[in-house]
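Student: First, the structure itself, so that you have it in front of you.
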There are 2 protein chains.
Amino acid sequence: MVLVRSLNEHVGTTVTVSGWVEQLRVHGKVAFIVLRDGTGLVQGVLAKAEVSDEVWELGTSLTQESTIRFTGAVREDARAPGGHEMGLTDVALVSRSGEYPIQPKEHGVEFLLDHRHLWLRSSLQRAGLRVRSEVQQAIHDFLYERDFVRVDTPILTGSIGESAGTLFETDYFGQKAFLAQTGQLYVESACPAFRKVYCFGPTFRAEKSKTRRHLTEFWMVEPEVAFADSDDNMNLQEEFVSYIVARALERCGEELEILERDPAPLELVVPPFPRISYSEAVERLNAEGHPFEWGNDLGATDETVISGWFDRPVFIYNYPAKAKAFYMKENPEDTRTVLCDDLIAPEGYGEIIGGSQREDDHDRLLARIEEEGLPREAYDWYLDLRKFGSFPHSGFGLGLERTVAWITGRHHIRELIPFPRMINRLTP
Amino acid sequence: MVLVRSLNEHVGTTVTVSGWVEQLRVHGKVAFIVLRDGTGLVQGVLAKAEVSDEVWELGTSLTQESTIRFTGAVREDARAPGGHEMGLTDVALVSRSGEYPIQPKEHGVEFLLDHRHLWLRSSLQRAGLRVRSEVQQAIHDFLYERDFVRVDTPILTGSIGESAGTLFETDYFGQKAFLAQTGQLYVESACPAFRKVYCFGPTFRAEKSKTRRHLTEFWMVEPEVAFADSDDNMNLQEEFVSYIVARALERCGEELEILERDPAPLELVVPPFPRISYSEAVERLNAEGHPFEWGNDLGATDETVISGWFDRPVFIYNYPAKAKAFYMKENPEDTRTVLCDDLIAPEGYGEIIGGSQREDDHDRLLARIEEEGLPREAYDWYLDLRKFGSFPHSGFGLGLERTVAWITGRHHIRELIPFPRMINRLTP
């Protein structure tokens, strides 16, 4: 069996390929069968005069998504889908498809999501998810090449993440367990073992948000580096994001084309990224007629305005403490703020990274835990890290689906995860 | 700041390193400080005559796991931990550690697991988890190099898995959701999009098992290949496992040495692996005086006996249908059995892979679902894959922790995951 991807090595020879019928057109005594084998598309040309009646009968009665094998001589044809055509000498049926639910017409999105297990086969979905897969490998490669050790953090936790109230809960042999919102707290504990570490896996938020940028289950990569401060952290982030984008441009050109993604804005994504402090951003927002009160968190609309000032991703750094999580380090130069950054993607794609230097002072961290009304006991082990050899360290979390939505130029992040989970969507 | 890993590039020069105090020995007017920086160990030699009183005082009063920076000239010393020594000119304290709970003595395992966030720093734990990280990268690389597309499958599912009764359940905005036991069923649906696919993430079993080979949360990689039969599947598995083992041998020599892992049995792990059918295995068990009734599932003890017949991992294939999951394809040559395999690691490490050709006949699959008393409705989408272009396909699941336990030669798989979850263990 030959793969469609490698047909260019077989021009002039007769081969067999296997896959699914994307399209069938019959014009009198010639039929065109477009086959998808998972590595590409190829058009088979079936001429009534050149095959048996049985093969002609079968080939011209194929239903969409039927599984077939076909055999023929490979020739180049720039006009054909995939750039090759096969002059068929045989067609064999593996499995006849029933009437395929997804037709080349506009379906409602709920219908498509109900059929996600089939919708995955559609060209835009294939392209988007292939970019996701490439981005994931790029993430692993970047960190591996820089000697990060991967440290998987638990999903089932006795305690907690950033905030209560948005946790999924399960019974764990009589105890209460919660699904992790982040791996960060755990991954911090591995810094004294490996210095540079990361986790990458699914995280959970029982949020009732229904926006195009929210999922209840999404993937996040969270690097953490001992002895790195907030500036080092932003340096790492811009290198990381630039690497990922360059890799997608380099290896997913075909997919980006299918997605009609203009590569020009992505080609600008190289270090250094602009950096603007929260306070500067607030000042400029007000000066430009976007009233905004210092102390509030920036919303999606504010982020879009700010990102519009720049041609590439922008860091907004050092937010007010009260707008951010308890574990961020107090800014010694302005104790109302913490040493942190959000990285805002261009073109309205919003926040793709949240990062910070971590509070490494035991007493200040404890005070913040108490201020937030978090259950002290659940954080005892986390506080231990500040008792037994505390160290300056910083890290960040990059949301995979938001990043891939930006790179692929898709509006809804739900298309960039194979099986999206949202408030009203738990199946298939 | 210089990393200990790269000290060999700095021999003869004066550098500063930062990290944690592993050990301090004071002999009269000379003190030896072993520092761990997460990339290696280096011994600093502090001579009273050569530093200020303050530095001598500080250097000789350091507590274990205190965070420090020290500065000195690098020299090679084969006897020193890490192969280098530094003649110290300065020592600076970053953070003094309280009395460190883990001492160089035998602690009970429950105590160590209670302090898992600190135990990670111990040398055997570091070595084991570094091998885990390398194996994970090897898994991604192997599959990426062979054009597999990564397809992440959901943790939160409306139902499903291999068997009810061992599912963790959570409230999902008023609906019941279950934590996935496997990604396989989902990943199968991506075959018609990408042909070769895989998922790799945490999976969950609410099993009350308390053996050294069980976790309630563990990582599994699950490749799936369209148009592959059971033999192709075993070929892929032996290539995959051999690649992983070779990679660990090549890049984790130091860790395997720390773990006192004899590499000799691992060096034998090259294709082809021996293959024995379930029925042959049962016959031979009986012939050798291990009474075993055809039709039962093989237990850990049986597997150990069978693996003892061979010098490398062994496939046991085509088990009785009733001992295996509903989705495995009926063996046309003996319909009492299914086309499947378990891969048994040598040296008593047991099953590390379960694989099978999948049932691709809609009606036989439905009959199996009904026989097992599974909720039909929950499998409607999975049955769709047999209605709309069914195709022969095979895949397998490799358990990460079991594989790494075997490679590292550790007895308990709980040491090969950063934060193990067992029936009585949900924290830290």
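Residues are referred to by chain and number: the chain letter is A, B, ... according to the order shown in the structure tokens, the number counts from 1 in that chain, and ligands are numbered separately from 1 in the order shown.
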What are the residues of chain B lining chain A at 6 Å or less? Count only C-alpha atoms, and put the answer as number ranges by chain.
Tutor: B: 38, 65-67, 95, 97-98, 117, 121, 133, 149-150, 158, 169-170, 189, 192-195, 387-390, 426-427
Student: What's around Glu50 (chain A) at 12 Å? Count only C-alpha atoms, leave out sequence neighbours fewer than 4 positions away in its own chain, and write the answer as a list in words.
Tutor: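 Answer for this query is Lys29, Val30, Ala31, Val45, Leu46, Glu54, Val55, Trp56, Gly72, Gly87, Leu88, Thr89 and Asp90 of chain A.
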Student: For region 291-301 of chain B, please output as JSON, numbers by chain all residues within 10 Å (counting only C-alpha atoms; exclusion window: fewer than 4 positions along the same chain).
Tutor: {"B": [213, 278, 279, 281, 282, 283, 284, 285, 286, 287, 305, 306, 307, 316, 319, 320, 321, 322, 323, 324, 336, 337, 344, 348, 349, 350, 351]}
Student: Counting only C-alpha atoms, figure out which residue out of B:Trp406, B:Asp311, B:Gln237, B:Tyr243 gets nearest to Ser356 (chain B).
Tutor: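 Nearest candidate to Ser356 (chain B) out of B:Trp406, B:Asp311, B:Gln237, B:Tyr243: B:Gln237.
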Student: Would you mind writing down, as a VMD selection string, each residue of region 123-304 of chain B that DSSP on the backbone assigns to strand (DSSP E or B)?
Tutor: chain B and resid 149 to 150 156 to 157 169 to 172 175 to 179 196 to 204 217 to 226 275 to 277 294 296
Student: What does the structure give for the distance between CA of Asp262 (chain B) and CA of Ser242 (chain B), in Å to one decimal?
Tutor: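 Straight-line distance from CA of Asp262 (chain B) to CA of Ser242 (chain B) works out to 16.7 Å.
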Student: Quick one: everything within 12 Å of Ile369 (chain A), counting only C-alpha atoms, minus sequence neighbours fewer than 3 positions away in the same chain. Send it as a list of chain:residue names.
Tutor: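 Answer for this query is A:Ile160, A:Gly161, A:Glu162, A:Ser163, A:Ala325, A:Phe326, A:Tyr327, A:Met328, A:Glu359, A:His362, A:Asp363, A:Arg364, A:Leu365, A:Leu366, A:Glu372, A:Gly373, A:Leu374, A:Pro375, A:Arg376, A:Glu377, A:Ala378, A:Tyr379, A:Asp380, A:Tyr382, A:Leu383.
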Student: Which of region 258-401 of chain B counts as helix (DSSP H, G or I) under DSSP, as an MDAnalysis selection string please?
Tutor: chainID B and resid 258 264:267 278:287 300:307 321:323 362:371 376:384 400:401
